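Novice: For reference, the structure I am asking about is given below.
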Amino acid sequence: MRKALITGITGQDGSYLAELLLEKGYEVHGIVRRSSSINRARIDHLQAFEHGENKRLWLHYGDLADSVSLVKLLYQLQPDEIYNLAAQSHVRVSFDIPEYTADITGVGAARILEAVIESGIGKKVRYYQASSSEMFGKVQAVPQTETTPFYPRSPYACAKLMAHWLTVNYRESYNLFACSGILFNHESPRRGESFVTRKITIAAARIKAGLQKDLFLGNIDSKRDWGYAKEYVEGMWRMLQQDEPDDYVLATNETHTIREFLDVAFGRVGLDWHDHVKFDDRLLRPAEVDLLIGDYAKAQAKLGWEPATRMKGLAELMVDADCAALRPQ
Ligand code: NAP
Ligand code: G4F
């Protein structure tokens with residue numbers, strides 16, 4: 001039975017990836033942070049795998065800030081695959097806590113890569129790094145590919161760039177099977193509530209239900225390449241099943257403004273967003289990423305991966321899920 005370790009298992013992607021790996025018969029281990037309240041809603045439905053004779057899911061306390069716990073865990077578990085998904089993942093927040101973001105999102109990758117070497121599992125393990133289209137920032141080419149130069153526009157993107165290059169560096173220095181997935185925005189009903197898509201779909205559902213009147217947003221002119229998270233975790237897994245480690249873009253090759261997302265989301269519940277959306281300049285960023293659109297040709301050719309869900313279908317399924325969550329059970 002193959003064994004995988006996921007950092008960030010309680011997050012959007014971690015939960016879908018855990019599901020996928022359990023379906024594929026893996027033994028799955030996840031690192032969770034201690035918090036004052038239990039924070040496992042996204043993986044609660046996997047509890048059946050945590051108990052009984054067929055136990056295949058283990059959660060371990062740990063933190064990307066704590067090197068020793070990482071070395072100990074890797075040494076004890078000897079995983080076949082590691083997916084490093086943990087991060088302070090919010091771009092706007094990274095301007096408020098740049099040092100913390102650099103420590104977890106950037107140096108955190110150094111800690112886990114070094115733990116791979118120190119624990120002696122470097123020869124057999126396969127490592128996935130959750131890199132980001134934010135690294136393209138002020139884009140130097142349209143669409144963006146694996147060879148497009150990076151131009152980060154936030155502390156988050158700078159930290160991700162560090163983690164990306166560390167992944168390449170450890171691959172070249174230690175012959176590690178290490179892949180960097182440069183993923184464009186991917187969303188789902190499990191997306192964190194403070195990211196723009198989910199903020200919009202929750203608001204559309206609540207306004208329709210009469211529970212909320214207005215929605216405050218910042219810059220709604222930026223363009224994003226939005227795909228469906230459930231499909232993107234399949235791409236992560238495929239990267240680690242190749243003969244050689246490499247870096248891949250996962251994207252939809254479509255871009256849309258937030259205004260367009262608003263059209264679909266509010267349209268789904270028969271509302272006009274112009275009647276509800278208000279501008280709040282506190283939601284603007286010191287530097288913005290205006291346009292992202294990814295070319296996934298390499299992933300398609302080498303991994304046989306392609307996205308099935310585009311922005312319209314994605315926005316609709318998210319609104320439907322948020323409406324359903326408001327109905328009495
Ligand atoms: P997410 O929902 O914000 O999940 C982040 C995960 O990291 C959570 O499980 C969180 O734990 C964990 N975490 C945060 N700080 C940690 C620490 N110090 N030690 C251990 N764990 C920590 O993010 P996501 O959307 O699933 O994204 C997964 C990864 O892909 C992230 O690295 C993100 O930056 C990257 N990425 C995301 C996208 C996207 O569009 N979603 C695109 C490109 C790259 P808690 O639950 O305890 O907070
Ligand atoms: O939803 P967002 O916060 O996502 P952003 O900044 O693109 O970052 C996400 O995708 C990255 C991949 O490119 C990931 F690496 C990263 O971890 C994260 O998952 O913002 C999208 C756009 C921005 O232009 C922002 O300025 O929406 C704009 N926006 C307008 N009003 C808002 C809001 N964003 C948020 N979060 N909240 C608003 O009220």
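Each chain in the structure tokens gets a letter, A, B, ..., in the order shown, and its residues are numbered from 1; ligands are numbered from 1 in order too.
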What's the 9 Å shell around Val196 of chain A, counting only C-alpha atoms, without same-chain residues fewer than 3 positions away, as a VMD selection string?
Specialist: chain A and resid 193 199 to 201 217 258
Novice: I'd like to know which residues of segment 251-329 of chain A are strand (DSSP E or B) (by DSSP, run on the backbone); could you write them as a list of chain:residue names?
Specialist: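 Filtering segment 251-329 of chain A down to strand (DSSP E or B) leaves A:His256, A:Thr257, A:Val277, A:Lys278, A:Phe279, A:Leu291, A:Gly294.
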Novice: Counting only C-alpha atoms and all ligand atoms, figure out which residue out of A:Leu161, A:Ile82, A:Leu303, A:Ala321 gets nearest to ligand 2.
Specialist: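 Of the candidates, the smallest distance to ligand 2 is held by A:Leu161.
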Novice: Hey, what's within 9 Å of Ala308 of chain A if we count only C-alpha atoms and toss same-chain stuff fewer than 5 positions away? As number ranges by chain, please?
Specialist: A: 227-228, 231, 252
Novice: How would you report the residues lying within 9 Å of ligand 2, as a ChimeraX atom specification, if you count only C-alpha atoms and all ligand atoms?
Specialist: /A:87-93,130-137,156-157,160,182-187,191-200,215-226,257-258,279-280,282-285,287-292
Novice: Which residue is closest to ligand 1? Choose from A:Leu74, A:Val28, A:Ile112, A:Ala86 and count only C-alpha atoms and all ligand atoms.
Specialist: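 Of the candidates, the smallest distance to ligand 1 is held by A:Ala86.
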Novice: From a DSSP pass on the backbone, collect the residues of segment 106-189 of chain A flagged as helix (DSSP H, G or I) and hand them back as a ChimeraX atom specification.
Specialist: /A:106-118,133-136,155-174
Novice: Neighbouring residues of Ala163 of chain A were defined as those with any atom within 12 Å, considering only C-alpha atoms; residues of the same chain fewer than 2 positions away were excluded. Please report them as a tab-separated table (two decimals) with all heavy atoms, in the first residue's frame.
Specialist:
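The new file selection02.tsv reads:
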```tsv
chain	number	residue	atom	x	y	z
A	84	ASN	N	3.20	19.03	-0.49
A	84	ASN	CA	3.33	20.20	0.39
A	84	ASN	C	2.34	21.28	-0.02
A	84	ASN	O	2.63	22.15	-0.83
A	84	ASN	CB	4.75	20.74	0.37
A	84	ASN	CG	4.90	21.90	1.35
A	84	ASN	OD1	4.19	21.94	2.37
A	84	ASN	ND2	5.76	22.85	1.05
A	85	LEU	N	1.15	21.20	0.57
A	85	LEU	CA	0.07	22.14	0.24
A	85	LEU	C	-0.10	23.23	1.30
A	85	LEU	O	-0.84	24.18	1.09
A	85	LEU	CB	-1.26	21.39	0.09
A	85	LEU	CG	-1.29	20.16	-0.81
A	85	LEU	CD1	-2.71	19.62	-0.92
A	85	LEU	CD2	-0.77	20.50	-2.20
A	86	ALA	N	0.54	23.07	2.44
A	86	ALA	CA	0.34	24.04	3.53
A	86	ALA	C	0.93	25.39	3.17
A	86	ALA	O	2.02	25.47	2.59
A	86	ALA	CB	0.97	23.52	4.82
A	87	ALA	N	0.22	26.43	3.52
A	87	ALA	CA	0.72	27.79	3.28
A	87	ALA	C	-0.18	28.81	3.97
A	87	ALA	O	-1.35	28.51	4.25
A	87	ALA	CB	0.72	28.10	1.77
A	101	THR	N	4.22	35.12	6.40
A	101	THR	CA	3.97	34.47	5.10
A	101	THR	C	5.27	33.92	4.53
A	101	THR	O	5.32	32.79	4.02
A	101	THR	CB	3.33	35.48	4.12
A	101	THR	OG1	2.14	36.00	4.73
A	101	THR	CG2	2.99	34.84	2.79
A	102	ALA	N	6.34	34.72	4.62
A	102	ALA	CA	7.64	34.25	4.12
A	102	ALA	C	8.08	33.01	4.90
A	102	ALA	O	8.60	32.05	4.32
A	102	ALA	CB	8.68	35.36	4.25
A	103	ASP	N	7.83	33.02	6.20
A	103	ASP	CA	8.28	31.92	7.05
A	103	ASP	C	7.54	30.62	6.72
A	103	ASP	O	8.16	29.56	6.61
A	103	ASP	CB	8.07	32.28	8.53
A	103	ASP	CG	8.72	31.25	9.45
A	103	ASP	OD1	9.81	30.77	9.10
A	103	ASP	OD2	8.13	30.93	10.48
A	104	ILE	N	6.25	30.68	6.55
A	104	ILE	CA	5.47	29.45	6.34
A	104	ILE	C	5.45	29.06	4.86
A	104	ILE	O	5.73	27.92	4.49
A	104	ILE	CB	4.03	29.61	6.88
A	104	ILE	CG1	4.07	29.94	8.39
A	104	ILE	CG2	3.20	28.37	6.60
A	104	ILE	CD1	4.89	28.99	9.25
A	105	THR	N	5.12	30.03	4.02
A	105	THR	CA	4.91	29.72	2.60
A	105	THR	C	6.24	29.53	1.87
A	105	THR	O	6.33	28.73	0.93
A	105	THR	CB	4.07	30.86	1.97
A	105	THR	OG1	2.88	31.01	2.77
A	105	THR	CG2	3.70	30.58	0.54
A	106	GLY	N	7.27	30.25	2.30
A	106	GLY	CA	8.59	30.14	1.66
A	106	GLY	C	9.53	29.22	2.42
A	106	GLY	O	9.86	28.12	1.97
A	107	VAL	N	9.93	29.65	3.63
A	107	VAL	CA	10.90	28.86	4.41
A	107	VAL	C	10.31	27.49	4.79
A	107	VAL	O	11.04	26.51	4.91
A	107	VAL	CB	11.36	29.65	5.66
A	107	VAL	CG1	12.38	28.85	6.46
A	107	VAL	CG2	11.95	31.00	5.25
A	108	GLY	N	8.99	27.43	4.92
A	108	GLY	CA	8.33	26.15	5.23
A	108	GLY	C	8.71	25.07	4.22
A	108	GLY	O	8.92	23.91	4.58
A	109	ALA	N	8.81	25.46	2.95
A	109	ALA	CA	9.20	24.47	1.92
A	109	ALA	C	10.65	24.04	2.14
A	109	ALA	O	10.98	22.86	1.96
A	109	ALA	CB	9.01	25.08	0.54
A	110	ALA	N	11.51	24.99	2.54
A	110	ALA	CA	12.91	24.63	2.84
A	110	ALA	C	12.94	23.63	3.99
A	110	ALA	O	13.71	22.66	3.97
A	110	ALA	CB	13.71	25.88	3.19
A	111	ARG	N	12.09	23.87	4.99
A	111	ARG	CA	12.09	22.96	6.16
A	111	ARG	C	11.69	21.55	5.74
A	111	ARG	O	12.30	20.58	6.18
A	111	ARG	CB	11.14	23.48	7.24
A	111	ARG	CG	11.63	24.76	7.89
A	111	ARG	CD	10.84	25.10	9.16
A	111	ARG	NE	11.28	26.40	9.65
A	111	ARG	CZ	10.61	27.54	9.46
A	111	ARG	NH1	9.45	27.55	8.83
A	111	ARG	NH2	11.10	28.67	9.91
A	112	ILE	N	10.69	21.45	4.91
A	112	ILE	CA	10.23	20.09	4.59
A	112	ILE	C	11.18	19.42	3.61
A	112	ILE	O	11.46	18.22	3.72
A	112	ILE	CB	8.74	20.08	4.15
A	112	ILE	CG1	8.20	18.66	4.12
A	112	ILE	CG2	8.48	20.75	2.86
A	112	ILE	CD1	6.74	18.56	4.36
A	113	LEU	N	11.74	20.18	2.69
A	113	LEU	CA	12.73	19.59	1.76
A	113	LEU	C	13.97	19.13	2.54
A	113	LEU	O	14.53	18.06	2.29
A	113	LEU	CB	13.11	20.61	0.69
A	113	LEU	CG	12.05	20.79	-0.42
A	113	LEU	CD1	12.29	22.08	-1.19
A	113	LEU	CD2	12.02	19.59	-1.37
A	128	TYR	N	5.76	16.89	-4.04
A	128	TYR	CA	4.98	17.87	-4.82
A	128	TYR	C	4.97	19.21	-4.09
A	128	TYR	O	4.63	19.27	-2.90
A	128	TYR	CB	3.53	17.38	-5.00
A	128	TYR	CG	2.67	18.43	-5.66
A	128	TYR	CD1	2.62	18.56	-7.04
A	128	TYR	CD2	1.94	19.34	-4.89
A	128	TYR	CE1	1.86	19.56	-7.65
A	128	TYR	CE2	1.17	20.34	-5.48
A	128	TYR	CZ	1.14	20.44	-6.86
A	128	TYR	OH	0.40	21.43	-7.46
A	129	GLN	N	5.30	20.28	-4.79
A	129	GLN	CA	5.24	21.62	-4.21
A	129	GLN	C	4.09	22.40	-4.85
A	129	GLN	O	3.99	22.48	-6.08
A	129	GLN	CB	6.57	22.38	-4.46
A	129	GLN	CG	6.55	23.84	-4.04
A	129	GLN	CD	6.23	24.05	-2.55
A	129	GLN	OE1	6.62	23.25	-1.70
A	129	GLN	NE2	5.51	25.10	-2.24
A	130	ALA	N	3.24	22.98	-3.99
A	130	ALA	CA	2.09	23.75	-4.46
A	130	ALA	C	2.53	25.15	-4.86
A	130	ALA	O	2.47	26.09	-4.07
A	130	ALA	CB	1.02	23.81	-3.38
A	131	SER	N	2.99	25.29	-6.09
A	131	SER	CA	3.37	26.62	-6.59
A	131	SER	C	2.14	27.31	-7.19
A	131	SER	O	1.09	26.69	-7.34
A	131	SER	CB	4.50	26.49	-7.60
A	131	SER	OG	5.67	26.10	-6.94
A	132	SER	N	2.33	28.57	-7.54
A	132	SER	CA	1.15	29.38	-7.85
A	132	SER	C	1.35	30.28	-9.06
A	132	SER	O	2.43	30.84	-9.28
A	132	SER	CB	0.82	30.26	-6.63
A	132	SER	OG	-0.10	31.26	-6.98
A	135	MET	N	2.99	33.79	-9.02
A	135	MET	CA	4.42	34.04	-9.28
A	135	MET	C	4.60	34.80	-10.60
A	135	MET	O	5.59	35.47	-10.80
A	135	MET	CB	5.19	32.71	-9.34
A	135	MET	CG	5.08	31.91	-8.04
A	135	MET	SD	6.14	30.44	-7.98
A	135	MET	CE	5.71	29.54	-9.45
A	156	TYR	N	3.24	37.13	-0.62
A	156	TYR	CA	2.85	35.73	-0.86
A	156	TYR	C	3.55	35.19	-2.10
A	156	TYR	O	4.14	34.10	-2.09
A	156	TYR	CB	1.33	35.65	-1.03
A	156	TYR	CG	0.83	34.33	-1.57
A	156	TYR	CD1	0.68	33.22	-0.74
A	156	TYR	CD2	0.51	34.18	-2.93
A	156	TYR	CE1	0.24	31.99	-1.25
A	156	TYR	CE2	0.06	32.97	-3.44
A	156	TYR	CZ	-0.07	31.88	-2.60
A	156	TYR	OH	-0.51	30.67	-3.10
A	157	ALA	N	3.50	35.94	-3.19
A	157	ALA	CA	4.10	35.46	-4.45
A	157	ALA	C	5.61	35.33	-4.32
A	157	ALA	O	6.21	34.40	-4.87
A	157	ALA	CB	3.72	36.41	-5.58
A	158	CYS	N	6.23	36.26	-3.58
A	158	CYS	CA	7.69	36.16	-3.36
A	158	CYS	C	8.02	34.88	-2.59
A	158	CYS	O	8.99	34.18	-2.90
A	158	CYS	CB	8.21	37.37	-2.60
A	158	CYS	SG	8.09	38.91	-3.54
A	159	ALA	N	7.20	34.58	-1.58
A	159	ALA	CA	7.44	33.38	-0.77
A	159	ALA	C	7.23	32.12	-1.62
A	159	ALA	O	8.01	31.16	-1.54
A	159	ALA	CB	6.49	33.37	0.43
A	160	LYS	N	6.20	32.14	-2.47
A	160	LYS	CA	5.95	30.98	-3.35
A	160	LYS	C	7.09	30.80	-4.35
A	160	LYS	O	7.42	29.68	-4.73
A	160	LYS	CB	4.62	31.16	-4.10
A	160	LYS	CG	3.41	30.80	-3.27
A	160	LYS	CD	3.29	29.29	-3.06
A	160	LYS	CE	2.10	28.92	-2.20
A	160	LYS	NZ	2.09	27.52	-1.77
A	161	LEU	N	7.63	31.92	-4.78
A	161	LEU	CA	8.75	31.84	-5.73
A	161	LEU	C	9.96	31.18	-5.07
A	161	LEU	O	10.65	30.35	-5.68
A	161	LEU	CB	9.10	33.25	-6.22
A	161	LEU	CG	9.85	33.35	-7.53
A	161	LEU	CD1	9.20	32.54	-8.63
A	161	LEU	CD2	9.92	34.82	-7.96
A	165	TRP	N	11.65	27.70	-6.44
A	165	TRP	CA	13.06	27.54	-6.83
A	165	TRP	C	13.79	26.56	-5.91
A	165	TRP	O	14.72	25.87	-6.34
A	165	TRP	CB	13.78	28.90	-6.88
A	165	TRP	CG	13.46	29.64	-8.15
A	165	TRP	CD1	12.82	30.84	-8.26
A	165	TRP	CD2	13.75	29.23	-9.50
A	165	TRP	NE1	12.68	31.21	-9.58
A	165	TRP	CE2	13.25	30.23	-10.36
A	165	TRP	CE3	14.36	28.11	-10.06
A	165	TRP	CZ2	13.36	30.15	-11.75
A	165	TRP	CZ3	14.47	28.03	-11.45
A	165	TRP	CH2	13.97	29.04	-12.28
A	166	LEU	N	13.36	26.50	-4.65
A	166	LEU	CA	13.95	25.48	-3.75
A	166	LEU	C	13.63	24.08	-4.27
A	166	LEU	O	14.48	23.18	-4.23
A	166	LEU	CB	13.38	25.62	-2.34
A	166	LEU	CG	13.98	26.72	-1.47
A	166	LEU	CD1	13.10	26.95	-0.24
A	166	LEU	CD2	15.40	26.34	-1.04
A	167	THR	N	12.43	23.91	-4.78
A	167	THR	CA	12.02	22.60	-5.30
A	167	THR	C	12.90	22.22	-6.50
A	167	THR	O	13.42	21.11	-6.59
A	167	THR	CB	10.52	22.65	-5.71
A	167	THR	OG1	9.78	23.09	-4.58
A	167	THR	CG2	10.02	21.29	-6.17
A	168	VAL	N	13.09	23.19	-7.39
A	168	VAL	CA	13.97	22.96	-8.56
A	168	VAL	C	15.39	22.69	-8.07
A	168	VAL	O	16.07	21.77	-8.52
A	168	VAL	CB	13.94	24.19	-9.50
A	168	VAL	CG1	14.93	24.03	-10.64
A	168	VAL	CG2	12.52	24.42	-10.03
A	169	ASN	N	15.83	23.50	-7.10
A	169	ASN	CA	17.20	23.38	-6.60
A	169	ASN	C	17.47	22.03	-5.93
A	169	ASN	O	18.51	21.40	-6.15
A	169	ASN	CB	17.49	24.53	-5.64
A	169	ASN	CG	18.90	24.48	-5.13
A	169	ASN	OD1	19.14	24.10	-3.99
A	169	ASN	ND2	19.86	24.80	-5.98
A	170	TYR	N	16.52	21.56	-5.10
A	170	TYR	CA	16.72	20.26	-4.44
A	170	TYR	C	16.66	19.12	-5.46
A	170	TYR	O	17.32	18.10	-5.30
A	170	TYR	CB	15.69	20.06	-3.31
A	170	TYR	CG	16.19	20.64	-1.99
A	170	TYR	CD1	16.45	21.99	-1.88
A	170	TYR	CD2	16.42	19.82	-0.89
A	170	TYR	CE1	16.91	22.53	-0.69
A	170	TYR	CE2	16.89	20.35	0.30
A	170	TYR	CZ	17.13	21.71	0.40
A	170	TYR	OH	17.60	22.24	1.57
A	178	ALA	N	11.28	15.78	-7.33
A	178	ALA	CA	10.51	16.92	-6.81
A	178	ALA	C	9.86	17.66	-7.96
A	178	ALA	O	10.53	18.03	-8.93
A	178	ALA	CB	11.44	17.85	-6.03
A	179	CYS	N	8.55	17.86	-7.86
A	179	CYS	CA	7.79	18.53	-8.93
A	179	CYS	C	7.15	19.80	-8.37
A	179	CYS	O	6.69	19.82	-7.23
A	179	CYS	CB	6.64	17.65	-9.40
A	179	CYS	SG	7.16	16.10	-10.11
A	180	SER	N	7.07	20.81	-9.21
A	180	SER	CA	6.38	22.03	-8.83
A	180	SER	C	5.17	22.18	-9.73
A	180	SER	O	5.31	22.27	-10.96
A	180	SER	CB	7.35	23.21	-8.98
A	180	SER	OG	6.69	24.40	-8.70
A	181	GLY	N	3.99	22.21	-9.13
A	181	GLY	CA	2.77	22.42	-9.90
A	181	GLY	C	2.42	23.89	-9.85
A	181	GLY	O	2.12	24.42	-8.77
A	182	ILE	N	2.48	24.54	-11.01
A	182	ILE	CA	2.16	25.99	-11.05
A	182	ILE	C	0.68	26.09	-11.37
A	182	ILE	O	0.26	26.09	-12.53
A	182	ILE	CB	3.03	26.71	-12.10
A	182	ILE	CG1	4.52	26.41	-11.85
A	182	ILE	CG2	2.75	28.21	-12.06
A	182	ILE	CD1	5.45	26.93	-12.94
```
Novice: Residues at most 9 Å from Gln78 of chain A, counting only C-alpha atoms, excluding those fewer than 3 positions away in the same chain, as a list of chain:residue names?
Specialist: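 Within the cut-off, the hits are A:Lys3, A:Leu73, A:Leu74, A:Tyr75, A:Ser119, A:Gly120, A:Ile121, A:Lys124, A:Val125.
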Novice: So how far away is atom CA of Arg190 of chain A from atom CA of Gly313 of chain A, in Å?
Specialist: 15.5 Å
Novice: Please list as a PyMOL selection string every residue within 12 Å of Arg268 of chain A, counting only C-alpha atoms and excluding residues in the same chain fewer than 6 positions away.
Specialist: chain A and resi 200-201+204-205+208+261-262+312-323
Novice: Now that the selection is made, can you save its residues with C-alpha atoms as a PDB file, in the first residue's frame?
Specialist:
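Final output, part-v1.pdb:
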```
ATOM      1  CA  ILE A 200     -19.448  36.071  -3.997  1.00  0.00           C
ATOM      2  CA  THR A 201     -21.235  32.697  -4.090  1.00  0.00           C
ATOM      3  CA  ALA A 204     -25.485  35.448  -3.732  1.00  0.00           C
ATOM      4  CA  ALA A 205     -27.047  32.585  -1.744  1.00  0.00           C
ATOM      5  CA  LYS A 208     -31.402  35.427  -2.259  1.00  0.00           C
ATOM      6  CA  PHE A 261     -18.076  35.868 -12.257  1.00  0.00           C
ATOM      7  CA  LEU A 262     -20.608  38.153 -10.531  1.00  0.00           C
ATOM      8  CA  LYS A 312     -19.569  29.381 -15.749  1.00  0.00           C
ATOM      9  CA  GLY A 313     -20.065  25.781 -14.590  1.00  0.00           C
ATOM     10  CA  LEU A 314     -17.810  26.414 -11.610  1.00  0.00           C
ATOM     11  CA  ALA A 315     -19.660  29.530 -10.451  1.00  0.00           C
ATOM     12  CA  GLU A 316     -22.997  27.739 -10.833  1.00  0.00           C
ATOM     13  CA  LEU A 317     -21.966  24.667  -8.867  1.00  0.00           C
ATOM     14  CA  MET A 318     -20.576  26.872  -6.090  1.00  0.00           C
ATOM     15  CA  VAL A 319     -23.758  28.966  -5.866  1.00  0.00           C
ATOM     16  CA  ASP A 320     -25.894  25.816  -5.889  1.00  0.00           C
ATOM     17  CA  ALA A 321     -23.837  24.350  -3.028  1.00  0.00           C
ATOM     18  CA  ASP A 322     -24.083  27.567  -0.980  1.00  0.00           C
ATOM     19  CA  CYS A 323     -27.859  27.734  -1.556  1.00  0.00           C
TER      20      CYS A 323
END
```
Novice: Using only C-alpha atoms, which residues sit within 9 Å of Leu250 of chain A once same-chain residues fewer than 2 positions away are excluded, as a list in words?
Specialist: Gly181, Ile182, Leu183, Phe184, Gly227, Tyr232, Gly235, Met236, Tyr248, Thr252, Gly294, Asp295, Tyr296, Ala297, Lys298, Ala299, Gln300, Trp305, Glu306 and Pro307 of chain A
Novice: How far is it from atom CA of Tyr26 of chain A to atom CA of Arg2 of chain A, in Å with one decimal?
Specialist: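 Distance between the two atoms: 5.1 Å.
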Novice: With only C-alpha atoms and all ligand atoms as the atoms that count, which of A:Arg206, A:Arg33, A:Arg238, A:Lys24 lies nearest to ligand 1?
Specialist: A:Arg33
Novice: Which is closest to ligand 1 among A:Pro286, A:Gly14, A:Gly52, A:Pro143, if we use only C-alpha atoms and all ligand atoms?
Specialist: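 Among A:Pro286, A:Gly14, A:Gly52, A:Pro143, it is A:Gly14 that comes nearest to ligand 1.
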